[in-house]
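As structure tokens, the structure follows; a few thoughts come after it.
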Amino acid sequence: MAKTIIHFSHATFGFPGVIALKDVSLEIAEGEFVGVIGPNGSGKTTLCRAILGLMRPLEGSLQIFDCACEELRCHHRARIGYLPQKGALDRNFPITVLEAVMMGRYGALGLFRRPTKQDREIALEALSNVGMQDHRNAALGLLSGGQQQRVFIARALAQQPQVLLLDEPTTGIDITTQHSVLDLIRRLHRDLGLTVLLITHDINMIRSLVDRLVLLKTRLFAAGPPEEVLRPDLLSQVYGKDLVITEKDLVIVEDYHH
Amino acid sequence: MLEMLSYDFMQRSLVAAALVGAVCSVIGVFVVLRGLAFVGAGTAHAAFAGVTLAYLLGLPPLPLAVIFGLATVWVTGVMEEKGQMKLDVSIGILYTATMALAILFIGLMKGYNAEVYGYLFGSVLSVTPEELRAILALSFLVLGVLLVFSKELYFIAFDQEMAEASGVPARRIFYLLLTLVALTVVVSLKTVGAILVFAMVLIPASTAYQLTHSLFHMTAYAVSIGIVCAVGGVLLSYVWDLPSGPAIVLLATTLFFLSVLVSPKRLRRAPAV
Ligand SMILES: Nc1ncnc2c1ncn2[C@@H]1O[C@H](COP(=O)(O)OP(=O)(O)OP(=O)(O)O)[C@@H](O)[C@H]1O
Ligand SMILES: [Mg+2]
């Protein structure tokens with residue numbers, strides 16, 4: 001059994017007046033591919049931010065690389081590649097695509113060290129992995145939303161991370177790019193032994209991809225192989241509607257009967 | 001015309017102007033991108049309050065200006081982090097409070113003190129050799145630190161949380177930036193004055209912002225514009241016997257409006273559909 005690198009133990013996280021994650025216990029092993037699903041506001045993004053050490057547990061504990069999350073240091077964070085959930089980007093911010101991807105190298109470089117030619121090559125390779133190498137000198141603000149998303153994936157990859165946290169990576173990306181991005185993530189996971197945590201609302205897309213699925217709604221409702229987690233009773237508890245899984249698809253029961 | 005360059009005071013003021021132009025415009029890039037414009041304006045007034053207190057107590061003005069400036073930016077930083085109040089509101093309060101202090105201290109002084117007003121309106125043509133040395137030292141300090149931490153500073157300007165998440169000590173870099181803003185303001189107080197210093201920080205960087213989509217180019221343009229305006233303003237003020245601060249700032253403002261006219265960012269929005 002591979003080593004545990006992320007270990008939630010009865011951990012509770014929240015904001016003033018809000019509990020976002022309650023009493024979560026979960027172990028993620030090195031090299032695992034874990035999918036996270038749950039309705040809006042169920043604490044998926046909070047789970048990522050907790051793993052990055054950006055929040056303190058209110059109760060319980062969370063260990064990453066054998067380090068308590070509230071004591072996570074910069075060199076630990078540099079080993080975690082993070083694609084934030086798509087947010088608003090200031091379109092006038094003067095930055096080129098390559099400049100943005102190079103920022104992925106900064107944490108690993110540490111203070112006082114300048115990016116070298118090698119860092120540049122790593123950034124360019126990350127860009128070509130998402131099919132954006134031809135746009136390297138383009139203004140980031142002038143790209144489409146999906147193209148920007150691909151650039152941010154490239155930035156996470158440019159970190160050459162050990163753990164990849166992807167918060168809805170395929171949202172807003174066209175279907176062919178979705179496939180190539182997921183293919184890339186699968187390849188990185190398989191070839192480099194990357195530990196991947198992928199948040200998504202696209203249950204059909206994710207279930208064939210992951211080793212384990214985590215079903216969240218503030219509490220951890222289930223964690224295990226997709227076929228164990230995607231049980232109608234569990235899903236209806238979490239989503240509040242009856243869901244059924246057909247051969248290929250997951251549909252809301254009312255629609256299914258029509 | 002060239003003979004003016006042979007005067008000592010002219011040489012001093014040109015060097016001082018060029019340094020202030022360079023330091024202000026580089027720090028301006030980060031201030032504009034990180035959205036700290038108002039913070040800097042508040043700091044200038046706080047630093048001026050420090051100067052007035054120094055004159056009231058008969059102390060050297062520079063250290064007190066630094067202390068007041070730093071206290072203001074750090075309080076601002078904490079308020080922005082806590083995020084409980086809108087930043088413009090809390091700065092607005094600090095800004096007027098420090099200005100009230102400055103006016104209070106001036107009122108407590110006996111008689112009219114022309115030197116104090118020099119810090120308010122700036123008088124680059126009267127920079128003394130000691131002042132020039134202080135400007136030189138602080139400028140190199142600020143520029144050196146900016147250079148060493150430039151990659152981190154760009155990153156937090158772009159996205160502080162992302163920077164933190166990917167292993168950059170973003171909070172510490174943010175406070176470093178605030179500290180440098182305060183030092184820059186103090187460096188520039190004597191040359192352009194408390195009221196106008198922030199124009200020197202904002203305008204060259206905003207002008208450069210209009211002209212490019214690259215961080216690197218924006219910085220290069222900002223520095224060039226800053227130095228050209230500062231030196232050009234001093235020359236204009238000498239030739240036409242104008243006050244130097246307004247000459248510098250109005251020259252920069254003119255360039256800014258020209259840049260808005262030719263900005264590729266503006267043109268991008270122009271074609272309908
Ligand atoms: N910065 C914040 N301040 C206060 N409350 C927050 C903040 N961010 C999230 N929350 C709260 O925490 C809870 C979980 O939010 P989170 O963003 O983790 O949900 P999510 O599962 O990622 O949702 P979505 O599918 O919409 O992305 C929500 O109730 C939200 O209101
Ligand atoms: Mg989310």
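Quick note on naming: the chains in the structure tokens go A, B, ... in the order shown, residues restart at 1 in each chain, and ligands are numbered from 1 in order of appearance.
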
Please identify all protein, DNA and RNA residues within 9 Å of ligand 1, counting only C-alpha atoms and all ligand atoms, and report them as a PyMOL selection string. chain A and resi 13-21+37-49+85+167-168+199-201+216-218

If we count only C-alpha atoms, which residues of chain B reach to within 6 Å of chain A? Please list them as a list in words.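 Selected residues: Ser166, Gly167, Val168, His213, Ser214 and Leu215 of chain B.
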
Write to file, as a PDB file, in the first residue's frame, the residues of the selection just made, with C-alpha atoms.
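Listed below is the output, again-v7.pdb:
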ATOM      1  CA  SER B 166       1.994  27.912  -5.069  1.00  0.00           C
ATOM      2  CA  GLY B 167       4.646  28.412  -2.461  1.00  0.00           C
ATOM      3  CA  VAL B 168       5.475  32.109  -2.526  1.00  0.00           C
ATOM      4  CA  HIS B 213       0.115  43.592 -22.459  1.00  0.00           C
ATOM      5  CA  SER B 214       3.379  42.446 -20.927  1.00  0.00           C
ATOM      6  CA  LEU B 215       4.507  42.874 -17.325  1.00  0.00           C
TER       7      LEU B 215
END

Which of B:Gly107, B:Gly233, B:Pro63, B:Gly226 sits closest to Leu202 in chain B [using only C-alpha atoms]: B:Gly226

Near-range 235-242 of chain B list (10 Å; only C-alpha atoms; drop same-chain fewer than 2 positions) as a compact mmCIF listing (two decimals) with N, CA, C and O atoms, in the first residue's frame:
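What landed in part34.txt:
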# COMPACT_ATOMS: atom_id res chain seq x y z
N MET B 1 21.51 78.03 -22.78
CA MET B 1 20.60 77.01 -22.26
C MET B 1 21.37 75.91 -21.52
O MET B 1 21.03 75.52 -20.42
N MET B 4 22.95 76.17 -17.73
CA MET B 4 22.27 75.86 -16.47
C MET B 4 22.74 74.53 -15.89
O MET B 4 22.71 74.32 -14.69
N LEU B 5 23.18 73.63 -16.77
CA LEU B 5 23.64 72.34 -16.29
C LEU B 5 24.94 72.45 -15.50
O LEU B 5 25.35 71.50 -14.83
N MET B 10 21.57 72.83 -9.91
CA MET B 10 20.84 72.26 -11.04
C MET B 10 21.21 70.79 -11.21
O MET B 10 20.33 69.95 -11.43
N SER B 13 19.51 68.87 -8.50
CA SER B 13 18.07 68.66 -8.63
C SER B 13 17.74 67.72 -9.79
O SER B 13 16.78 66.97 -9.72
N LEU B 14 18.57 67.74 -10.84
CA LEU B 14 18.31 66.80 -11.94
C LEU B 14 18.54 65.36 -11.49
O LEU B 14 17.76 64.47 -11.81
N VAL B 124 12.31 70.85 -5.64
CA VAL B 124 13.46 70.05 -6.07
C VAL B 124 14.68 70.93 -6.31
O VAL B 124 15.81 70.50 -6.15
N LEU B 125 14.44 72.19 -6.68
CA LEU B 125 15.58 73.07 -6.99
C LEU B 125 16.37 73.46 -5.74
O LEU B 125 17.47 73.97 -5.83
N CYS B 229 9.75 62.43 -17.42
CA CYS B 229 8.87 63.47 -16.86
C CYS B 229 9.54 64.23 -15.74
O CYS B 229 9.43 65.45 -15.66
N ALA B 230 10.24 63.51 -14.86
CA ALA B 230 10.86 64.18 -13.72
C ALA B 230 11.95 65.14 -14.19
O ALA B 230 11.99 66.31 -13.79
N VAL B 231 12.83 64.65 -15.06
CA VAL B 231 13.92 65.50 -15.56
C VAL B 231 13.35 66.63 -16.42
O VAL B 231 13.70 67.81 -16.25
N GLY B 232 12.42 66.27 -17.31
CA GLY B 232 11.80 67.28 -18.17
C GLY B 232 11.10 68.36 -17.35
O GLY B 232 11.19 69.56 -17.65
N GLY B 233 10.42 67.93 -16.28
CA GLY B 233 9.70 68.88 -15.43
C GLY B 233 10.65 69.86 -14.75
O GLY B 233 10.37 71.07 -14.68
N SER B 244 8.50 73.34 -9.34
CA SER B 244 8.92 72.10 -10.01
C SER B 244 7.89 70.98 -9.89
O SER B 244 7.66 70.24 -10.85
N GLY B 245 7.27 70.82 -8.72
CA GLY B 245 6.33 69.72 -8.53
C GLY B 245 5.22 69.70 -9.58
O GLY B 245 5.05 68.72 -10.30
N PRO B 246 4.49 70.81 -9.70
CA PRO B 246 3.43 70.84 -10.70
C PRO B 246 3.96 70.66 -12.12
O PRO B 246 3.29 70.02 -12.95
N ALA B 247 5.15 71.20 -12.40
CA ALA B 247 5.69 71.04 -13.76
C ALA B 247 5.86 69.56 -14.09
O ALA B 247 5.45 69.09 -15.16
N ILE B 248 6.44 68.81 -13.14
CA ILE B 248 6.66 67.38 -13.35
C ILE B 248 5.33 66.65 -13.52
O ILE B 248 5.12 65.88 -14.47
N LEU B 251 3.38 67.51 -16.73
CA LEU B 251 4.01 66.88 -17.89
C LEU B 251 3.61 65.41 -17.97
O LEU B 251 3.23 64.89 -19.03

Can you tell me which residues surround Asp183 in chain A at a distance of at most 12 Å, considering only C-alpha atoms, apart from same-chain residues fewer than 5 positions away, and format the answer as a ChimeraX atom specification? /A:129-130,170,176-178,188-191,205-206,208-209

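Interatomic distance, CA of Ala126 in chain A against CA of Glu30 in chain A: 22.2 Å.
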
Distance of CA of Val20 in chain B from CA of Thr184 in chain B, expressed in Å to one decimal place: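 According to the coordinates, CA of Thr184 in chain B and CA of Val20 in chain B are separated by 8.1 Å.
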
Which value, in Å to one decimal, gives the distance between CA of Lys22 in chain A and CA of Arg219 in chain A?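 Pair CA of Lys22 in chain A / CA of Arg219 in chain A returns 5.1 Å.
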
Give the alpha helix (DSSP H) residues of range 13-226 of chain A, as assigned by DSSP on the backbone, as a PyMOL selection string. chain A and resi 44-51+74-77+97-109+117-129+145-158+175-192+203-207+226

Write out as a ChimeraX atom specification each polymer residue whose atoms come within 10 Å of range 64-81 of chain B, counting only C-alpha atoms; drop sequence neighbours fewer than 5 positions from it. /B:36,39-40,42-55,59,86-88,90-91,94-95,98,171,174-187,189

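For range 37-110 of chain A, the set of residues given strand (DSSP E) by DSSP on the backbone reads Ile37, Glu59, Gly60, Ser61, Leu62, Gln63, Ile64, Cys67, Ala68, Ile80, Gly81, Tyr82 and Leu83 of chain A.
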
Written selection (C-alpha atoms) as a CSV table (one decimal), in the first residue's frame:
chain,number,residue,atom,x,y,z
A,37,ILE,CA,-18.3,15.5,-6.3
A,59,GLU,CA,-11.4,20.9,15.0
A,60,GLY,CA,-9.5,17.8,14.2
A,61,SER,CA,-6.4,17.8,12.0
A,62,LEU,CA,-5.1,17.6,8.5
A,63,GLN,CA,-1.7,16.3,7.6
A,64,ILE,CA,-0.1,16.9,4.2
A,67,CYS,CA,3.1,18.1,8.1
A,68,ALA,CA,0.1,19.7,9.9
A,80,ILE,CA,1.2,21.1,-4.9
A,81,GLY,CA,-0.1,22.3,-8.3
A,82,TYR,CA,-3.4,24.1,-7.9
A,83,LEU,CA,-5.9,25.1,-10.6

Give me, as a list in words, all polymer residues having an atom no more than 8 Å from Ser25 in chain A, counting only C-alpha atoms and skipping those fewer than 3 positions away in the same chain.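 Listed by chain and then number, they are His7, Phe8, Ser9, His10, Ala11 and Leu220 of chain A.
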
Go ahead and save the picked residues with C-alpha atoms, as a PDB file, in the first residue's frame.
ATOM      1  CA  HIS A   7      -4.723  12.717   5.882  1.00  0.00           C
ATOM      2  CA  PHE A   8      -7.877  14.382   7.186  1.00  0.00           C
ATOM      3  CA  SER A   9      -8.748  13.259  10.689  1.00  0.00           C
ATOM      4  CA  HIS A  10     -12.122  14.457  12.011  1.00  0.00           C
ATOM      5  CA  ALA A  11     -11.269  17.822  10.470  1.00  0.00           C
ATOM      6  CA  LEU A 220     -18.137  13.324   3.835  1.00  0.00           C
TER       7      LEU A 220
END

Top pick for closest residue to ligand 2, considering A:Val238, A:Ile5, A:Leu165, A:Val181 and counting only C-alpha atoms and all ligand atoms: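 Nearest to ligand 2: A:Leu165.
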